[in-house]
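This report refers to the structure that appears directly beneath it.
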Amino acid sequence: MKTRRRLTIVYLILALVLVSTIGVSAWMIYKENNLYNINLNLDSSNVFDASMTATINIDGNDILLDNSNQDYYDQNLYTFKFTSNNLSNLSTINIDVLIEAKKNLDVRFKLIEMWMENGEVVANPNMVTWHVGKDVHLKTDNDTFTNNEDDIFIYGDESILKNTEKSFNIVSGANIDLRLSNYTLFFTIQAEVIQADYSSIWNLNNVMLDENGELANTINVTNEIDKVEIIWNNIGITGLTRGIFIELSSIDNNYGYVYNPKIDNKIQIDNGE
Amino acid sequence: MLKKAYLSILIFLLAILSTTVSVFAWIIAESSVQVEGEEIHVVNDYIELDINLDIEFVFDYINFESLMYVQNSDFSIDATTDYEGYATIIDINLKFDYELETDVQIFFNSTVKKPIADECIGNDESFLFMVHTTRVNFEIDNIKDSIDETDEGQFHREVLNKIRNKNSVIIEAGTTEQTLQIAIWGYYDGLTEELQENYYSLAYPVTFTIKGVAINEN
């Protein structure tokens, strides 16, 4: 009898445990499934796509400048390259950029130049005067420009609507001054977009100047300085460290420098600037 | 003695059964809708919904990479912002096994994942969305038209409130299939000062919780 009573108590306990387990799990399962979830990840990393078509014309033939054309393209810096031997061919340059907008956007472009002499980055010698293309304008409305000034931007004439694409003719020729030899020009186009109703801030902004209209982040170059460190914060996307353009400016000179983690280029800045 | 043992086992089994049934019954009575996997069951009215995202590949987190921001000036009295032009729009298709017997209100609630350590992640306050059954461009304008235009600050706060409350749609009885759209914007003024400095590089891992409630006919 005692054994059976004990057995009954064990049954009771087992049953209670079972009942609670089933009850609680049923409750949990229904609680979990009671709502439907969708997980999304949103960011602003790809509000537009851009592609560039650049050609030069030699003896009546159009030559496409792309990353497979090793005569005119530097595969480490991701820029076009013209040495003093073929710089004269740049006079027929034509550059179109196609922008595919994911949202309503305004666009502006910067023609980035880096000049090298004997393996060192040097100040822009102003040997190239670019002709402004037909779908863009400068702030000054001039037809040509050199990159010897700060903040030369080329502005798209029209906004691009969401989910449409538009081609901009940015550069249509150049005047070349071949007074210096041994110089190599590296150049590319940087496209920058802003949502269409905010582009008026581009009229105010000069990235080189501070709020008082003076050069920001100035440094006096002396013999003691042989290294300047530039630290970027909050760059979470590795691809952004590819082809970073640094512009250094003094009263007389303008230095363009394309940073690439694979190449350790030196920049030659004269004492006193 | 053996009889008693059988009896006790029978009683215990009955107890298990009755408790389970009562728990289930309680849950069914509590909530008007349950969702299992990709189906919504509107239990009160015995209706099932299939939710299908109108996207070819569905991963754990579905990526949308062209989030754009609006700010208080976009909700001012004179603003002419093209809200749809900056919206990220996501289509969601609801399918019903047979005609809805009653109107159903579908609610969306968003939760932005909290950042771990130095993750560049936005906050709930800067995440704006509206749910629609039709195109969205005129909806904010409609909202603006319905608000008193005397105080600029009050005006944009009311617009924002109304947008935040536009988180549900009503699907009419008799419907068998319905496409919904969620329009999403970042809201710059909802960011903390620190996040505003890096707004262009913020990510929003968001969980939308969808819940349907049957609206009983009068």
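FYI, nothing fancy with the structure tokens labels: chains A, B, ... in order, residues from 1 per chain, ligands from 1 as they appear.
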
Taking the DSSP assignment computed from this structure's backbone, write out as a PyMOL selection string all residues of segment 56-242 of chain A that belong to helix (DSSP H, G or I). chain A and resi 87-92+196-198+201-204+238-241

Contact residues around Glu273 of chain A with only C-alpha atoms at 7 Å, ignoring same-chain residues under 3 positions, as an mmCIF file with C-alpha atoms, in the first residue's frame:
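selection.cif was written with the following content:
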```cif
data_model
loop_
_atom_site.group_PDB
_atom_site.id
_atom_site.type_symbol
_atom_site.label_atom_id
_atom_site.label_comp_id
_atom_site.auth_asym_id
_atom_site.auth_seq_id
_atom_site.Cartn_x
_atom_site.Cartn_y
_atom_site.Cartn_z
ATOM 1 C CA ASN A 220 53.209 76.545 -41.212
ATOM 2 C CA VAL A 221 55.669 74.359 -43.065
ATOM 3 C CA SER A 250 48.776 77.681 -49.626
ATOM 4 C CA ASP A 270 58.442 74.191 -49.912
#
```

Distance in Å - atom CA of Tyr72 of chain A versus atom CA of Thr188 of chain A: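 Computing it gives 11.4 Å between the two atoms.
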
Distance criterion (only C-alpha atoms): nearest to Lys227 of chain A out of A:Asp151, A:Ile269, A:Asn203, A:Ala101: A:Ile269

Compute the set of chain A residues within 6 Å of chain B, using only C-alpha atoms, and express it as JSON, numbers by chain. {"A": [15, 19, 23, 33, 34, 35, 36, 37, 38, 39, 40, 41, 42, 43, 44, 45, 46, 47, 103, 104, 162]}

Export of the given selection (N, CA and C atoms) as a PDB file, in the first residue's frame:
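selection04.pdb, freshly written:
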```
ATOM      1  N   ALA A  15       2.721  14.519 -13.324  1.00  0.00           N
ATOM      2  CA  ALA A  15       1.612  15.099 -14.075  1.00  0.00           C
ATOM      3  C   ALA A  15       1.617  16.618 -13.953  1.00  0.00           C
ATOM      4  N   VAL A  19       1.968  19.150 -16.995  1.00  0.00           N
ATOM      5  CA  VAL A  19       0.916  20.128 -17.266  1.00  0.00           C
ATOM      6  C   VAL A  19       1.506  21.536 -17.346  1.00  0.00           C
ATOM      7  N   GLY A  23       1.694  23.783 -20.649  1.00  0.00           N
ATOM      8  CA  GLY A  23       0.967  25.052 -20.561  1.00  0.00           C
ATOM      9  C   GLY A  23       1.877  26.226 -20.861  1.00  0.00           C
ATOM     10  N   ASN A  33       4.737  33.799 -31.566  1.00  0.00           N
ATOM     11  CA  ASN A  33       4.179  33.836 -32.909  1.00  0.00           C
ATOM     12  C   ASN A  33       3.016  34.797 -33.041  1.00  0.00           C
ATOM     13  N   ASN A  34       2.732  35.473 -31.968  1.00  0.00           N
ATOM     14  CA  ASN A  34       1.554  36.323 -31.972  1.00  0.00           C
ATOM     15  C   ASN A  34       1.705  37.492 -32.929  1.00  0.00           C
ATOM     16  N   LEU A  35       2.969  37.902 -33.164  1.00  0.00           N
ATOM     17  CA  LEU A  35       3.229  39.047 -34.023  1.00  0.00           C
ATOM     18  C   LEU A  35       4.158  38.620 -35.146  1.00  0.00           C
ATOM     19  N   TYR A  36       4.015  39.293 -36.269  1.00  0.00           N
ATOM     20  CA  TYR A  36       4.853  38.975 -37.411  1.00  0.00           C
ATOM     21  C   TYR A  36       5.963  40.012 -37.496  1.00  0.00           C
ATOM     22  N   ASN A  37       7.208  39.568 -37.655  1.00  0.00           N
ATOM     23  CA  ASN A  37       8.335  40.502 -37.683  1.00  0.00           C
ATOM     24  C   ASN A  37       8.998  40.546 -39.056  1.00  0.00           C
ATOM     25  N   ILE A  38       9.378  41.745 -39.460  1.00  0.00           N
ATOM     26  CA  ILE A  38      10.204  41.899 -40.663  1.00  0.00           C
ATOM     27  C   ILE A  38      11.450  42.670 -40.245  1.00  0.00           C
ATOM     28  N   ASN A  39      12.614  42.136 -40.583  1.00  0.00           N
ATOM     29  CA  ASN A  39      13.859  42.813 -40.235  1.00  0.00           C
ATOM     30  C   ASN A  39      14.439  43.519 -41.452  1.00  0.00           C
ATOM     31  N   LEU A  40      14.687  44.801 -41.289  1.00  0.00           N
ATOM     32  CA  LEU A  40      15.278  45.586 -42.376  1.00  0.00           C
ATOM     33  C   LEU A  40      16.536  46.273 -41.869  1.00  0.00           C
ATOM     34  N   ASN A  41      17.463  46.487 -42.772  1.00  0.00           N
ATOM     35  CA  ASN A  41      18.638  47.278 -42.426  1.00  0.00           C
ATOM     36  C   ASN A  41      18.728  48.432 -43.412  1.00  0.00           C
ATOM     37  N   LEU A  42      18.644  49.650 -42.901  1.00  0.00           N
ATOM     38  CA  LEU A  42      18.676  50.818 -43.794  1.00  0.00           C
ATOM     39  C   LEU A  42      19.916  51.652 -43.517  1.00  0.00           C
ATOM     40  N   ASP A  43      20.555  52.127 -44.577  1.00  0.00           N
ATOM     41  CA  ASP A  43      21.635  53.096 -44.407  1.00  0.00           C
ATOM     42  C   ASP A  43      21.677  53.983 -45.657  1.00  0.00           C
ATOM     43  N   SER A  44      22.629  54.897 -45.681  1.00  0.00           N
ATOM     44  CA  SER A  44      22.687  55.863 -46.789  1.00  0.00           C
ATOM     45  C   SER A  44      23.929  55.643 -47.640  1.00  0.00           C
ATOM     46  N   SER A  45      24.376  54.387 -47.721  1.00  0.00           N
ATOM     47  CA  SER A  45      25.661  54.123 -48.384  1.00  0.00           C
ATOM     48  C   SER A  45      25.558  54.122 -49.898  1.00  0.00           C
ATOM     49  N   ASN A  46      24.366  54.090 -50.432  1.00  0.00           N
ATOM     50  CA  ASN A  46      24.267  53.956 -51.887  1.00  0.00           C
ATOM     51  C   ASN A  46      23.061  54.740 -52.417  1.00  0.00           C
ATOM     52  N   VAL A  47      23.149  56.071 -52.309  1.00  0.00           N
ATOM     53  CA  VAL A  47      22.028  56.877 -52.793  1.00  0.00           C
ATOM     54  C   VAL A  47      22.161  57.177 -54.282  1.00  0.00           C
ATOM     55  N   LYS A 103      17.259  58.657 -55.181  1.00  0.00           N
ATOM     56  CA  LYS A 103      16.357  59.645 -54.589  1.00  0.00           C
ATOM     57  C   LYS A 103      16.518  60.948 -55.381  1.00  0.00           C
ATOM     58  N   ASN A 104      15.721  61.965 -55.087  1.00  0.00           N
ATOM     59  CA  ASN A 104      15.888  63.257 -55.779  1.00  0.00           C
ATOM     60  C   ASN A 104      17.222  63.873 -55.362  1.00  0.00           C
ATOM     61  N   LYS A 162      14.256  60.899 -58.491  1.00  0.00           N
ATOM     62  CA  LYS A 162      14.332  59.549 -57.934  1.00  0.00           C
ATOM     63  C   LYS A 162      14.136  58.466 -59.009  1.00  0.00           C
TER      64      LYS A 162
END
```

Which neighbours of segment 243-248 of chain A fall inside 8 Å, counting only C-alpha atoms, when residues of the same chain fewer than 3 positions from it are skipped, and could you give them as an mmCIF file with C-alpha atoms, in the first residue's frame?
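Listed below is the output, result_21.cif:
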```
data_model
loop_
_atom_site.group_PDB
_atom_site.id
_atom_site.type_symbol
_atom_site.label_atom_id
_atom_site.label_comp_id
_atom_site.auth_asym_id
_atom_site.auth_seq_id
_atom_site.Cartn_x
_atom_site.Cartn_y
_atom_site.Cartn_z
ATOM 1 C CA LEU A 77 45.585 55.037 -57.766
ATOM 2 C CA TYR A 78 42.421 54.422 -59.835
ATOM 3 C CA ILE A 112 40.941 65.956 -59.028
ATOM 4 C CA LEU A 240 36.060 54.458 -48.427
ATOM 5 C CA ASN A 254 47.591 73.986 -54.569
ATOM 6 C CA TYR A 255 48.583 70.389 -53.930
ATOM 7 C CA GLY A 256 46.392 67.434 -54.791
ATOM 8 C CA TYR A 257 47.222 64.122 -53.167
ATOM 9 C CA VAL A 258 45.464 60.828 -53.825
ATOM 10 C CA TYR A 259 45.868 58.570 -50.819
ATOM 11 C CA ASN A 260 46.143 54.855 -51.342
#
```

Check the DSSP output for the backbone and give back, as a PyMOL selection string, the residues of segment 105-244 of chain A in strand (DSSP E). chain A and resi 105-117+120-122+128-132+136-137+144-145+154-156+164-176+183-195+244

Now that the selection is made, can you save its residues with C-alpha atoms as a PDB file, in the first residue's frame?
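That gives us part-v7.pdb:
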```pdb
ATOM      1  CA  LEU A 105      19.431  64.576 -55.991  1.00  0.00           C
ATOM      2  CA  ASP A 106      21.592  67.476 -57.059  1.00  0.00           C
ATOM      3  CA  VAL A 107      25.103  66.661 -58.141  1.00  0.00           C
ATOM      4  CA  ARG A 108      28.431  68.430 -58.318  1.00  0.00           C
ATOM      5  CA  PHE A 109      31.778  67.201 -59.528  1.00  0.00           C
ATOM      6  CA  LYS A 110      35.366  67.880 -58.695  1.00  0.00           C
ATOM      7  CA  LEU A 111      38.144  67.293 -61.167  1.00  0.00           C
ATOM      8  CA  ILE A 112      40.941  65.956 -59.028  1.00  0.00           C
ATOM      9  CA  GLU A 113      44.505  66.502 -60.156  1.00  0.00           C
ATOM     10  CA  MET A 114      47.686  65.126 -58.666  1.00  0.00           C
ATOM     11  CA  TRP A 115      51.008  66.125 -60.204  1.00  0.00           C
ATOM     12  CA  MET A 116      54.231  64.215 -59.674  1.00  0.00           C
ATOM     13  CA  GLU A 117      57.818  64.961 -60.514  1.00  0.00           C
ATOM     14  CA  GLU A 120      57.141  63.146 -55.428  1.00  0.00           C
ATOM     15  CA  VAL A 121      53.827  64.961 -55.354  1.00  0.00           C
ATOM     16  CA  VAL A 122      54.347  68.597 -56.291  1.00  0.00           C
ATOM     17  CA  VAL A 128      46.063  72.274 -67.924  1.00  0.00           C
ATOM     18  CA  THR A 129      43.089  74.591 -68.426  1.00  0.00           C
ATOM     19  CA  TRP A 130      39.908  72.538 -68.622  1.00  0.00           C
ATOM     20  CA  HIS A 131      36.884  73.432 -70.757  1.00  0.00           C
ATOM     21  CA  VAL A 132      33.597  73.223 -68.862  1.00  0.00           C
ATOM     22  CA  VAL A 136      27.400  71.766 -66.015  1.00  0.00           C
ATOM     23  CA  HIS A 137      28.480  75.168 -64.762  1.00  0.00           C
ATOM     24  CA  THR A 144      37.238  77.251 -68.380  1.00  0.00           C
ATOM     25  CA  PHE A 145      39.075  76.580 -65.134  1.00  0.00           C
ATOM     26  CA  ILE A 154      31.519  71.760 -61.357  1.00  0.00           C
ATOM     27  CA  TYR A 155      27.770  71.872 -60.723  1.00  0.00           C
ATOM     28  CA  GLY A 156      25.181  69.839 -62.596  1.00  0.00           C
ATOM     29  CA  THR A 164      16.060  58.098 -63.029  1.00  0.00           C
ATOM     30  CA  GLU A 165      19.470  58.542 -64.605  1.00  0.00           C
ATOM     31  CA  LYS A 166      21.095  61.496 -66.265  1.00  0.00           C
ATOM     32  CA  SER A 167      24.298  61.929 -68.210  1.00  0.00           C
ATOM     33  CA  PHE A 168      26.394  65.052 -67.621  1.00  0.00           C
ATOM     34  CA  ASN A 169      29.041  66.262 -70.038  1.00  0.00           C
ATOM     35  CA  ILE A 170      31.608  67.576 -67.553  1.00  0.00           C
ATOM     36  CA  VAL A 171      34.702  68.391 -69.591  1.00  0.00           C
ATOM     37  CA  SER A 172      34.931  69.035 -73.325  1.00  0.00           C
ATOM     38  CA  GLY A 173      38.578  69.667 -74.091  1.00  0.00           C
ATOM     39  CA  ALA A 174      41.572  71.331 -72.454  1.00  0.00           C
ATOM     40  CA  ASN A 175      44.357  73.777 -73.202  1.00  0.00           C
ATOM     41  CA  ILE A 176      47.767  72.298 -72.496  1.00  0.00           C
ATOM     42  CA  TYR A 183      55.772  66.004 -64.889  1.00  0.00           C
ATOM     43  CA  THR A 184      53.075  63.350 -64.722  1.00  0.00           C
ATOM     44  CA  LEU A 185      49.410  64.215 -64.264  1.00  0.00           C
ATOM     45  CA  PHE A 186      47.023  61.856 -62.474  1.00  0.00           C
ATOM     46  CA  PHE A 187      43.384  62.865 -62.560  1.00  0.00           C
ATOM     47  CA  THR A 188      39.893  61.598 -61.958  1.00  0.00           C
ATOM     48  CA  ILE A 189      36.399  62.894 -61.313  1.00  0.00           C
ATOM     49  CA  GLN A 190      34.746  62.904 -57.922  1.00  0.00           C
ATOM     50  CA  ALA A 191      30.945  63.037 -57.887  1.00  0.00           C
ATOM     51  CA  GLU A 192      29.143  64.379 -54.841  1.00  0.00           C
ATOM     52  CA  VAL A 193      25.391  64.426 -54.352  1.00  0.00           C
ATOM     53  CA  ILE A 194      23.001  66.102 -51.983  1.00  0.00           C
ATOM     54  CA  GLN A 195      19.251  65.814 -51.708  1.00  0.00           C
ATOM     55  CA  ILE A 244      40.867  59.360 -50.729  1.00  0.00           C
TER      56      ILE A 244
END
```

Identify, on the basis of only C-alpha atoms, every residue whose closest approach to Val131 of chain B does not exceed 10 Å; exclude the query and any residue fewer than 6 positions from it along the same chain; express the result as a PyMOL selection string. chain B and resi 89-91+106-108+163-169+180-184

Kindly export the residues of the current selection with C-alpha atoms, as a CSV table (one decimal), in the first residue's frame.
```csv
chain,number,residue,atom,x,y,z
B,89,ILE,CA,9.4,52.7,-50.2
B,90,ILE,CA,8.9,49.0,-49.4
B,91,ASP,CA,6.1,47.0,-50.8
B,106,ILE,CA,-2.9,46.1,-39.7
B,107,PHE,CA,-0.5,47.9,-37.3
B,108,PHE,CA,3.2,48.4,-37.9
B,163,ILE,CA,3.1,61.0,-39.3
B,164,ARG,CA,4.1,58.9,-36.4
B,165,ASN,CA,0.5,57.9,-35.8
B,166,LYS,CA,0.0,56.9,-39.4
B,167,ASN,CA,1.3,53.4,-38.6
B,168,SER,CA,-1.7,51.3,-39.6
B,169,VAL,CA,-4.0,50.7,-42.5
B,180,LEU,CA,0.8,47.9,-48.5
B,181,GLN,CA,3.7,50.4,-48.8
B,182,ILE,CA,5.9,51.5,-46.0
B,183,ALA,CA,7.6,54.9,-46.8
B,184,ILE,CA,10.7,55.5,-44.6
```

Can you tell me which residues surround Tyr188 of chain B at a distance of at most 9 Å, considering only C-alpha atoms, apart from same-chain residues fewer than 3 positions away, and format the answer as an MDAnalysis selection string? chainID B and resid 69:72 126:127 191:192 196 199

When you count only C-alpha atoms, which of these residues is closest to Asn93 of chain B: B:Thr150, B:Asn142, B:Asn161, B:Thr133?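 Residue with the minimum atom-to-atom distance to Asn93 of chain B: B:Thr133.
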
Calculate how many Å separate atom CA of Leu65 of chain A from atom CA of Gly133 of chain A, rounding to one decimal.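 Taking atom CA of Leu65 of chain A as the start and atom CA of Gly133 of chain A as the end point, the length is 17.4 Å.
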